[in-house]
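Here is entry.cif, consisting of mmCIF, C-alpha atoms:
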data_protein
#
loop_
_atom_site.group_PDB
_atom_site.id
_atom_site.type_symbol
_atom_site.label_atom_id
_atom_site.label_comp_id
_atom_site.auth_asym_id
_atom_site.auth_seq_id
_atom_site.Cartn_x
_atom_site.Cartn_y
_atom_site.Cartn_z
ATOM 1 C CA MET A 1 16.779 54.565 -9.667
ATOM 2 C CA ASN A 2 18.572 51.219 -9.570
ATOM 3 C CA LEU A 3 16.004 48.463 -9.133
ATOM 4 C CA ILE A 4 16.319 44.795 -8.263
ATOM 5 C CA PHE A 5 12.781 44.283 -9.582
ATOM 6 C CA GLU A 6 9.416 45.905 -10.160
ATOM 7 C CA ILE A 7 6.221 43.845 -10.262
ATOM 8 C CA ILE A 8 2.448 44.192 -10.152
ATOM 9 C CA ASP A 9 1.089 42.960 -6.799
ATOM 10 C CA LYS A 10 -2.137 41.064 -6.101
ATOM 11 C CA THR A 11 -4.069 44.346 -5.865
ATOM 12 C CA GLY A 12 -2.827 45.570 -9.258
ATOM 13 C CA ARG A 13 -0.355 48.133 -7.950
ATOM 14 C CA LYS A 14 3.310 48.410 -8.900
ATOM 15 C CA ILE A 15 5.836 47.587 -6.193
ATOM 16 C CA HIS A 16 9.588 47.854 -6.564
ATOM 17 C CA LEU A 17 12.668 46.786 -4.636
ATOM 18 C CA SER A 18 15.635 49.147 -5.002
ATOM 19 C CA LYS A 19 19.270 48.095 -4.803
ATOM 20 C CA GLU A 20 19.676 50.378 -1.782
ATOM 21 C CA ARG A 21 16.825 48.656 0.116
ATOM 22 C CA TRP A 22 18.033 45.180 -0.887
ATOM 23 C CA SER A 23 21.507 46.011 0.435
ATOM 24 C CA HIS A 24 19.951 47.245 3.689
ATOM 25 C CA ILE A 25 17.725 44.145 4.033
ATOM 26 C CA THR A 26 20.486 41.625 3.322
ATOM 27 C CA THR A 27 22.907 43.389 5.662
ATOM 28 C CA ILE A 28 20.462 43.109 8.574
ATOM 29 C CA HIS A 29 18.770 39.818 7.571
ATOM 30 C CA SER A 30 21.456 37.907 5.645
ATOM 31 C CA GLU A 31 19.197 34.854 5.205
ATOM 32 C CA MET A 32 17.078 36.928 2.787
ATOM 33 C CA ASN A 33 19.764 36.523 0.094
ATOM 34 C CA ASN A 34 18.218 33.104 -0.638
ATOM 35 C CA TYR A 35 14.611 34.320 -0.767
ATOM 36 C CA LEU A 36 14.405 36.903 -3.553
ATOM 37 C CA GLU A 37 12.053 34.747 -5.656
ATOM 38 C CA GLN A 38 9.807 34.075 -2.634
ATOM 39 C CA ILE A 39 9.658 37.812 -1.972
ATOM 40 C CA LYS A 40 8.344 38.383 -5.508
ATOM 41 C CA GLN A 41 5.845 35.531 -5.178
ATOM 42 C CA THR A 42 4.618 36.833 -1.822
ATOM 43 C CA LEU A 43 3.763 40.176 -3.419
ATOM 44 C CA ILE A 44 1.990 38.488 -6.348
ATOM 45 C CA LYS A 45 0.161 35.791 -4.338
ATOM 46 C CA PRO A 46 0.308 36.611 -0.611
ATOM 47 C CA SER A 47 -1.284 34.390 2.016
ATOM 48 C CA LYS A 48 -2.533 37.584 3.621
ATOM 49 C CA ILE A 49 -2.193 41.375 3.315
ATOM 50 C CA VAL A 50 -2.554 43.263 6.597
ATOM 51 C CA PRO A 51 -2.690 47.061 6.937
ATOM 52 C CA HIS A 52 0.156 48.296 9.128
ATOM 53 C CA GLU A 53 -0.504 50.485 12.142
ATOM 54 C CA LYS A 54 1.090 53.361 10.238
ATOM 55 C CA GLU A 55 -0.629 54.993 7.296
ATOM 56 C CA ASN A 56 0.213 53.894 3.743
ATOM 57 C CA LEU A 57 2.000 50.706 4.883
ATOM 58 C CA ARG A 58 0.959 47.114 4.196
ATOM 59 C CA ASN A 59 2.360 43.827 5.473
ATOM 60 C CA TYR A 60 2.415 41.025 2.899
ATOM 61 C CA TYR A 61 2.753 37.484 4.252
ATOM 62 C CA SER A 62 3.431 34.029 2.895
ATOM 63 C CA TYR A 63 3.853 30.787 4.796
ATOM 64 C CA LEU A 64 6.981 28.752 4.011
ATOM 65 C CA LYS A 65 6.172 25.375 5.555
ATOM 66 C CA HIS A 66 9.451 23.719 4.519
ATOM 67 C CA ARG A 67 11.612 26.300 6.285
ATOM 68 C CA LYS A 68 13.517 24.601 9.127
ATOM 69 C CA HIS A 69 12.987 27.396 11.602
ATOM 70 C CA PRO A 70 10.069 28.377 13.868
ATOM 71 C CA GLU A 71 9.718 31.688 11.996
ATOM 72 C CA LYS A 72 7.948 30.370 8.892
ATOM 73 C CA TYR A 73 6.090 33.487 7.742
ATOM 74 C CA LEU A 74 7.838 35.749 5.273
ATOM 75 C CA ARG A 75 6.747 39.335 6.043
ATOM 76 C CA ILE A 76 7.277 42.145 3.564
ATOM 77 C CA ILE A 77 6.579 45.718 4.611
ATOM 78 C CA VAL A 78 5.557 47.899 1.666
ATOM 79 C CA LYS A 79 5.060 51.660 1.705
ATOM 80 C CA TYR A 80 2.779 53.353 -0.822
ATOM 81 C CA LEU A 81 3.220 56.831 -2.271
ATOM 82 C CA ASN A 82 0.892 57.965 -5.062
ATOM 83 C CA ASN A 83 -0.431 54.400 -5.448
ATOM 84 C CA HIS A 84 3.067 53.040 -6.149
ATOM 85 C CA GLY A 85 4.675 50.754 -3.567
ATOM 86 C CA PHE A 86 8.228 50.143 -2.525
ATOM 87 C CA ILE A 87 9.638 47.557 -0.156
ATOM 88 C CA ILE A 88 10.932 48.982 3.113
ATOM 89 C CA THR A 89 12.086 45.688 4.611
ATOM 90 C CA THR A 90 11.427 41.974 4.716
ATOM 91 C CA LEU A 91 11.985 39.431 7.471
ATOM 92 C CA PHE A 92 10.774 36.145 8.898
ATOM 93 C CA VAL A 93 8.256 36.112 11.744
ATOM 94 C CA ARG A 94 6.381 33.441 13.732
ATOM 95 C CA ASP A 95 2.869 34.862 13.312
ATOM 96 C CA ILE A 96 0.796 37.181 11.169
ATOM 97 C CA LYS A 97 0.168 40.455 13.026
#

Go ahead and express the file in the form of structure tokens.
Amino acid sequence: MNLIFEIIDKTGRKIHLSKERWSHITTIHSEMNNYLEQIKQTLIKPSKIVPHEKENLRNYYSYLKHRKHPEKYLRIIVKYLNNHGFIITTLFVRDIK
């Protein structure tokens, strides 16, 4: 599998971002090209982790106060299989949900 990165998150679990997912994310949300390091940092030190309505999904959030846009929260949706996570998508949102 071609990976952009693999890290250990705040909860001690491995999470990876594949090249395929990164291509998908940056095609839909082109502004994410400039936020790869913040994505990693959000997984390591999130402001908040919220269980998703669907099973085995978690939303990781960080607040980027210097961002000149009303959507200041970076949201990363991670899916877990066998205690290993992978990023499904990432985007900016106004609020933690």

Surrounding residues of A:Asn59 excluding itself and chain neighbours under 3 positions, 12 Å, all atoms listed in the file, as a PDB file with C-alpha atoms, in the frame of the given file:
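Here's the written file out-v6.pdb:
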ATOM      1  CA  THR A  42       4.618  36.833  -1.822  1.00  0.00           C
ATOM      2  CA  LEU A  43       3.763  40.176  -3.419  1.00  0.00           C
ATOM      3  CA  PRO A  46       0.308  36.611  -0.611  1.00  0.00           C
ATOM      4  CA  SER A  47      -1.284  34.390   2.016  1.00  0.00           C
ATOM      5  CA  LYS A  48      -2.533  37.584   3.621  1.00  0.00           C
ATOM      6  CA  ILE A  49      -2.193  41.375   3.315  1.00  0.00           C
ATOM      7  CA  VAL A  50      -2.554  43.263   6.597  1.00  0.00           C
ATOM      8  CA  PRO A  51      -2.690  47.061   6.937  1.00  0.00           C
ATOM      9  CA  HIS A  52       0.156  48.296   9.128  1.00  0.00           C
ATOM     10  CA  GLU A  53      -0.504  50.485  12.142  1.00  0.00           C
ATOM     11  CA  LYS A  54       1.090  53.361  10.238  1.00  0.00           C
ATOM     12  CA  GLU A  55      -0.629  54.993   7.296  1.00  0.00           C
ATOM     13  CA  ASN A  56       0.213  53.894   3.743  1.00  0.00           C
ATOM     14  CA  SER A  62       3.431  34.029   2.895  1.00  0.00           C
ATOM     15  CA  TYR A  73       6.090  33.487   7.742  1.00  0.00           C
ATOM     16  CA  LEU A  74       7.838  35.749   5.273  1.00  0.00           C
ATOM     17  CA  ARG A  75       6.747  39.335   6.043  1.00  0.00           C
ATOM     18  CA  ILE A  76       7.277  42.145   3.564  1.00  0.00           C
ATOM     19  CA  ILE A  77       6.579  45.718   4.611  1.00  0.00           C
ATOM     20  CA  VAL A  78       5.557  47.899   1.666  1.00  0.00           C
ATOM     21  CA  LYS A  79       5.060  51.660   1.705  1.00  0.00           C
ATOM     22  CA  TYR A  80       2.779  53.353  -0.822  1.00  0.00           C
ATOM     23  CA  GLY A  85       4.675  50.754  -3.567  1.00  0.00           C
ATOM     24  CA  PHE A  86       8.228  50.143  -2.525  1.00  0.00           C
ATOM     25  CA  ILE A  87       9.638  47.557  -0.156  1.00  0.00           C
ATOM     26  CA  ILE A  88      10.932  48.982   3.113  1.00  0.00           C
ATOM     27  CA  THR A  89      12.086  45.688   4.611  1.00  0.00           C
ATOM     28  CA  THR A  90      11.427  41.974   4.716  1.00  0.00           C
ATOM     29  CA  LEU A  91      11.985  39.431   7.471  1.00  0.00           C
ATOM     30  CA  PHE A  92      10.774  36.145   8.898  1.00  0.00           C
ATOM     31  CA  VAL A  93       8.256  36.112  11.744  1.00  0.00           C
ATOM     32  CA  ASP A  95       2.869  34.862  13.312  1.00  0.00           C
ATOM     33  CA  ILE A  96       0.796  37.181  11.169  1.00  0.00           C
ATOM     34  CA  LYS A  97       0.168  40.455  13.026  1.00  0.00           C
TER      35      LYS A  97
END

**OP:** Apply the PyMOL selection byres ((chain A and resi 40) around 10) to the displayed file and report the matching residues as a PyMOL selection string.
**Re:** chain A and resi 5-9+15-17+35-39+41-46+76

Requested in this report: Enumerate, as a list in words, the residues matched when the PyMOL selection byres ((chain A and resi 19) around 8) is run on the file above.
Outcome: Asn2, Leu3, Ile4, Leu17, Ser18, Glu20, Arg21, Trp22 and Ser23 of chain A

Checklist entry - Rounded to one decimal in Å, what is the spacing between atom CA of A:Tyr60 and atom CA of A:Thr27? => result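 Computed distance, atom CA of A:Tyr60 to atom CA of A:Thr27, equals 20.8 Å.
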
With 3 Å added on each side, what axis-aligned box encloses every listed atom of stretch 18-24 of chain A? Give the centre and edge lengths in Å to one decimal, as AutoDock Vina command-line options.
--center_x 18.6 --center_y 47.8 --center_z -0.7 --size_x 11.9 --size_y 11.2 --size_z 14.7

What does the distance between atom CA of A:His24 and atom CA of A:Glu71 come to in Å, to one decimal place?
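Atom CA of A:His24 sits 20.4 Å away from atom CA of A:Glu71.
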
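Of note, atom CA of A:Asn34 and atom CA of A:Tyr63 are spaced 15.5 Å apart.
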